[in-house]
Amino acid sequence: MTAVQAPTASWRHGGPPLGSWRRGELGSRPVIGGLLVLWLVFQAVNPTFLAPDNLVNLSMQVVALGVTTLGVVLVLVAGEIDLSVGAVSGLASAVLAVTFVQQGWPLWLAVVGAVGVGCVVGLVQGALTVRLGLPSFVVTLAGLLVALGLQIQVLGTTGTVNLPYDSWLVQLAQQTFVPQVLAFALVAVVTAVMVVSGLVERARRVAAELAAATVTAVVVRALGLAAVLAVTVWYLGLDRGVPATFVLLLLLVLAADVVLRRTRWGRGLRAVGSDADSARRA
């Protein structure tokens, strides 16, 4: 019997071998590459696509979709699917607009009511899937139709409702930007946190005799991210700057990452999505 040679120290402490590329372990590289290709194509079609004012507009417009996507990610990680997210988002928006503009509710109460409607719909669909064993595809497809009907019912004959421009919600979404000095300070904080967390993670993996990146790789990765963020802040600052809602989206993404990777609930969710039967037996 041939003895199996243990991984060398350079492998354990220097990261996985290049064979990971051949096995298809590319991480987020294909997504980043696809985005770069799309940007180049759009820029070739319209030379103003990468202009600072257009990128500021896009960074504001992507927030609503990004927040919705975070919820979908949690569902997909669990191995399920939700087809009703768009319709439920529209229903919650209709509740917010009608209660605030037409019913005269305080804006904060209207926001709480809209979030509550979305939570109730998600709770009902989740209960039907988990307790009754119904496929999430079927449940959320039916929920999509129900939510669309409820949205029409809530809006009534008005069709659309415009929020007052002077409300704090509209001001936050369209007129609030992070001062450039504060934005650069946030970049420095993010870089420092990334270096510290990377070194702590490396120490834990080395102690467990697992493959780990070198200290140089951790620092270079953090500095690369800092350079990208600094250039982005500078470029957006040529127009109006970094939208406050976009920073809020990034904080929510960070919180979701911490929950999924650093908490018992998040690890359990990922285990169920990988193999529900094995997770249950474990």
# chains A, B, ... in the order shown; residues from 1 in each chain; ligands from 1
>>> select_by_dssp(residues="segment 31-227 of chain A", states="alpha helix (DSSP H)", output="number ranges by chain")
A: 31-45, 52-77, 85-97, 107-131, 136-155, 168-174, 180-207, 215-227
>>> residues_around(residues="segment 75-91 of chain A", least_positions_apart="6", cutoff="7 Å", atoms="only C-alpha atoms", output="list in words")
Gly118, Ser136, Phe137, Thr140, Leu141, Gly143, Leu144, Ala147, Leu148, Leu150, Gln151, Leu269, Arg270, Val272 and Gly273 of chain A
>>> select_by_dssp(residues="segment 35-259 of chain A", states="strand (DSSP E or B)", output="short mmCIF file (atom, residue, chain, number, x, y, z; two decimals) with C-alpha atoms, in the first residue's frame")
data_model
loop_
_atom_site.label_atom_id
_atom_site.label_comp_id
_atom_site.auth_asym_id
_atom_site.auth_seq_id
_atom_site.Cartn_x
_atom_site.Cartn_y
_atom_site.Cartn_z
CA PHE A 177 -24.85 61.50 0.36
CA VAL A 178 -21.86 60.61 2.50
CA VAL A 242 -21.51 58.04 -2.36
CA PRO A 243 -25.25 57.69 -1.63
#
>>> closest_residue(among="A:Leu229, A:Ala92, A:Ser274, A:Leu50", to="Leu36 of chain A", atoms="only C-alpha atoms")
A:Leu50
>>> closest_atom_pairs(of="segment 36-140 of chain A", to="segment 162-169 of chain A", cutoff="10 Å", atoms="only C-alpha atoms", output="tab-separated table")
residue	atom	partner	partner_atom	distance
A:Leu96	CA	A:Leu163	CA	9.3
A:Ala97	CA	A:Leu163	CA	6.5
A:Val98	CA	A:Leu163	CA	9.3
A:Phe100	CA	A:Leu163	CA	8.1
A:Val101	CA	A:Leu163	CA	6.7
A:Leu107	CA	A:Ser167	CA	8.1
A:Trp108	CA	A:Leu169	CA	9.2
A:Val111	CA	A:Leu169	CA	9.3
>>> write_last_selection(atoms="N, CA, C and O atoms", output="short mmCIF file (atom, residue, chain, number, x, y, z; two decimals), in the first residue's frame")
data_model
loop_
_atom_site.label_atom_id
_atom_site.label_comp_id
_atom_site.auth_asym_id
_atom_site.auth_seq_id
_atom_site.Cartn_x
_atom_site.Cartn_y
_atom_site.Cartn_z
N LEU A 96 -47.26 51.00 2.27
CA LEU A 96 -46.55 52.17 2.76
C LEU A 96 -47.13 53.45 2.16
O LEU A 96 -47.43 54.42 2.88
N ALA A 97 -47.30 53.47 0.84
CA ALA A 97 -47.76 54.69 0.18
C ALA A 97 -49.19 55.04 0.57
O ALA A 97 -49.50 56.21 0.86
N VAL A 98 -50.08 54.06 0.60
CA VAL A 98 -51.49 54.33 0.89
C VAL A 98 -51.68 54.76 2.34
O VAL A 98 -52.40 55.73 2.63
N PHE A 100 -49.49 56.13 4.37
CA PHE A 100 -48.83 57.40 4.66
C PHE A 100 -49.50 58.57 3.95
O PHE A 100 -49.81 59.60 4.57
N VAL A 101 -49.76 58.43 2.66
CA VAL A 101 -50.27 59.55 1.87
C VAL A 101 -51.77 59.70 2.01
O VAL A 101 -52.29 60.81 2.24
N LEU A 107 -45.03 58.54 9.09
CA LEU A 107 -44.22 57.79 8.14
C LEU A 107 -43.56 56.57 8.78
O LEU A 107 -43.50 55.50 8.18
N TRP A 108 -43.08 56.74 10.02
CA TRP A 108 -42.41 55.60 10.66
C TRP A 108 -43.38 54.44 10.87
O TRP A 108 -43.01 53.27 10.72
N VAL A 111 -43.96 52.69 7.56
CA VAL A 111 -42.82 51.82 7.24
C VAL A 111 -42.92 50.52 8.03
O VAL A 111 -42.71 49.42 7.48
#
>>> residues_around(residues="Arg280 of chain A", least_positions_apart="5", cutoff="10 Å", atoms="only C-alpha atoms", output="PyMOL selection string")
chain A and resi 268+271-272+275
>>> write_last_selection(atoms="N, CA, C and O atoms", output="PDB file, in the first residue's frame")
ATOM      1  N   GLY A 268     -26.173  26.413  10.482  1.00  0.00           N
ATOM      2  CA  GLY A 268     -27.246  25.428  10.356  1.00  0.00           C
ATOM      3  C   GLY A 268     -28.032  25.606   9.075  1.00  0.00           C
ATOM      4  O   GLY A 268     -28.420  24.625   8.422  1.00  0.00           O
ATOM      5  N   ALA A 271     -26.015  24.220   6.289  1.00  0.00           N
ATOM      6  CA  ALA A 271     -25.980  22.762   6.341  1.00  0.00           C
ATOM      7  C   ALA A 271     -27.261  22.161   5.781  1.00  0.00           C
ATOM      8  O   ALA A 271     -27.233  21.180   5.036  1.00  0.00           O
ATOM      9  N   VAL A 272     -28.399  22.764   6.110  1.00  0.00           N
ATOM     10  CA  VAL A 272     -29.678  22.279   5.590  1.00  0.00           C
ATOM     11  C   VAL A 272     -29.719  22.413   4.077  1.00  0.00           C
ATOM     12  O   VAL A 272     -30.166  21.528   3.354  1.00  0.00           O
ATOM     13  N   ASP A 275     -27.438  19.655   2.453  1.00  0.00           N
ATOM     14  CA  ASP A 275     -28.035  18.313   2.511  1.00  0.00           C
ATOM     15  C   ASP A 275     -28.928  18.266   3.750  1.00  0.00           C
ATOM     16  O   ASP A 275     -28.438  18.105   4.869  1.00  0.00           O
TER      17      ASP A 275
END
>>> residues_around(residues="Val219 of chain A", least_positions_apart="5", cutoff="10 Å", atoms="only C-alpha atoms", output="list in words")
Thr191, Ala192, Met194, Val195, Val196, Gly198, Leu199, Thr214, Gly224 and Leu225 of chain A
>>> decode(residues="segment 110-172 of chain A", atoms="C-alpha atoms", output="JSON list (two decimals), in the first residue's frame")
[["chain", "number", "residue", "atom", "x", "y", "z"],
["A", 110, "ALA", "CA", -46.32, 53.27, 7.69],
["A", 111, "VAL", "CA", -42.82, 51.82, 7.24],
["A", 112, "VAL", "CA", -43.36, 49.43, 10.15],
["A", 113, "GLY", "CA", -46.71, 48.41, 8.68],
["A", 114, "ALA", "CA", -45.17, 47.73, 5.26],
["A", 115, "VAL", "CA", -42.38, 45.64, 6.77],
["A", 116, "GLY", "CA", -44.95, 43.80, 8.88],
["A", 117, "VAL", "CA", -47.00, 42.90, 5.80],
["A", 118, "GLY", "CA", -43.93, 41.43, 4.15],
["A", 119, "CYS", "CA", -43.08, 39.45, 7.29],
["A", 120, "VAL", "CA", -46.59, 38.03, 7.56],
["A", 121, "VAL", "CA", -46.61, 36.91, 3.93],
["A", 122, "GLY", "CA", -43.18, 35.30, 4.34],
["A", 123, "LEU", "CA", -44.24, 33.61, 7.57],
["A", 124, "VAL", "CA", -47.35, 32.10, 5.97],
["A", 125, "GLN", "CA", -45.44, 30.83, 2.94],
["A", 126, "GLY", "CA", -42.65, 29.46, 5.12],
["A", 127, "ALA", "CA", -45.12, 27.66, 7.39],
["A", 128, "LEU", "CA", -46.84, 26.05, 4.40],
["A", 129, "THR", "CA", -43.48, 24.86, 3.09],
["A", 130, "VAL", "CA", -42.00, 23.62, 6.37],
["A", 131, "ARG", "CA", -45.04, 22.37, 8.29],
["A", 132, "LEU", "CA", -47.07, 20.90, 5.42],
["A", 133, "GLY", "CA", -44.16, 19.88, 3.21],
["A", 134, "LEU", "CA", -45.45, 21.76, 0.18],
["A", 135, "PRO", "CA", -42.84, 22.62, -2.49],
["A", 136, "SER", "CA", -41.65, 26.21, -2.08],
["A", 137, "PHE", "CA", -41.91, 26.68, -5.85],
["A", 138, "VAL", "CA", -45.65, 26.02, -5.77],
["A", 139, "VAL", "CA", -46.29, 27.94, -2.56],
["A", 140, "THR", "CA", -44.44, 31.08, -3.65],
["A", 141, "LEU", "CA", -45.93, 30.96, -7.14],
["A", 142, "ALA", "CA", -49.38, 31.01, -5.56],
["A", 143, "GLY", "CA", -48.16, 33.70, -3.16],
["A", 144, "LEU", "CA", -47.04, 35.80, -6.11],
["A", 145, "LEU", "CA", -50.56, 35.78, -7.55],
["A", 146, "VAL", "CA", -52.15, 36.51, -4.18],
["A", 147, "ALA", "CA", -49.74, 39.39, -3.49],
["A", 148, "LEU", "CA", -50.43, 40.94, -6.90],
["A", 149, "GLY", "CA", -54.15, 40.77, -6.25],
["A", 150, "LEU", "CA", -53.77, 42.31, -2.80],
["A", 151, "GLN", "CA", -51.60, 45.07, -4.24],
["A", 152, "ILE", "CA", -54.31, 46.01, -6.74],
["A", 153, "GLN", "CA", -56.86, 45.93, -3.93],
["A", 154, "VAL", "CA", -54.76, 48.18, -1.68],
["A", 155, "LEU", "CA", -54.05, 50.74, -4.40],
["A", 156, "GLY", "CA", -57.70, 50.83, -5.50],
["A", 157, "THR", "CA", -58.53, 53.15, -8.36],
["A", 158, "THR", "CA", -55.52, 55.44, -7.83],
["A", 159, "GLY", "CA", -53.07, 53.07, -9.49],
["A", 160, "THR", "CA", -49.99, 54.95, -8.29],
["A", 161, "VAL", "CA", -49.28, 57.03, -5.19],
["A", 162, "ASN", "CA", -46.42, 59.53, -5.04],
["A", 163, "LEU", "CA", -44.64, 60.05, -1.74],
["A", 164, "PRO", "CA", -44.15, 63.69, -0.67],
["A", 165, "TYR", "CA", -40.75, 64.91, -1.81],
["A", 166, "ASP", "CA", -40.04, 66.55, 1.55],
["A", 167, "SER", "CA", -40.52, 63.32, 3.54],
["A", 168, "TRP", "CA", -37.43, 61.92, 5.24],
["A", 169, "LEU", "CA", -37.75, 58.64, 3.35],
["A", 170, "VAL", "CA", -37.51, 60.34, -0.05],
["A", 171, "GLN", "CA", -34.77, 62.65, 1.19],
["A", 172, "LEU", "CA", -32.78, 59.66, 2.43]]
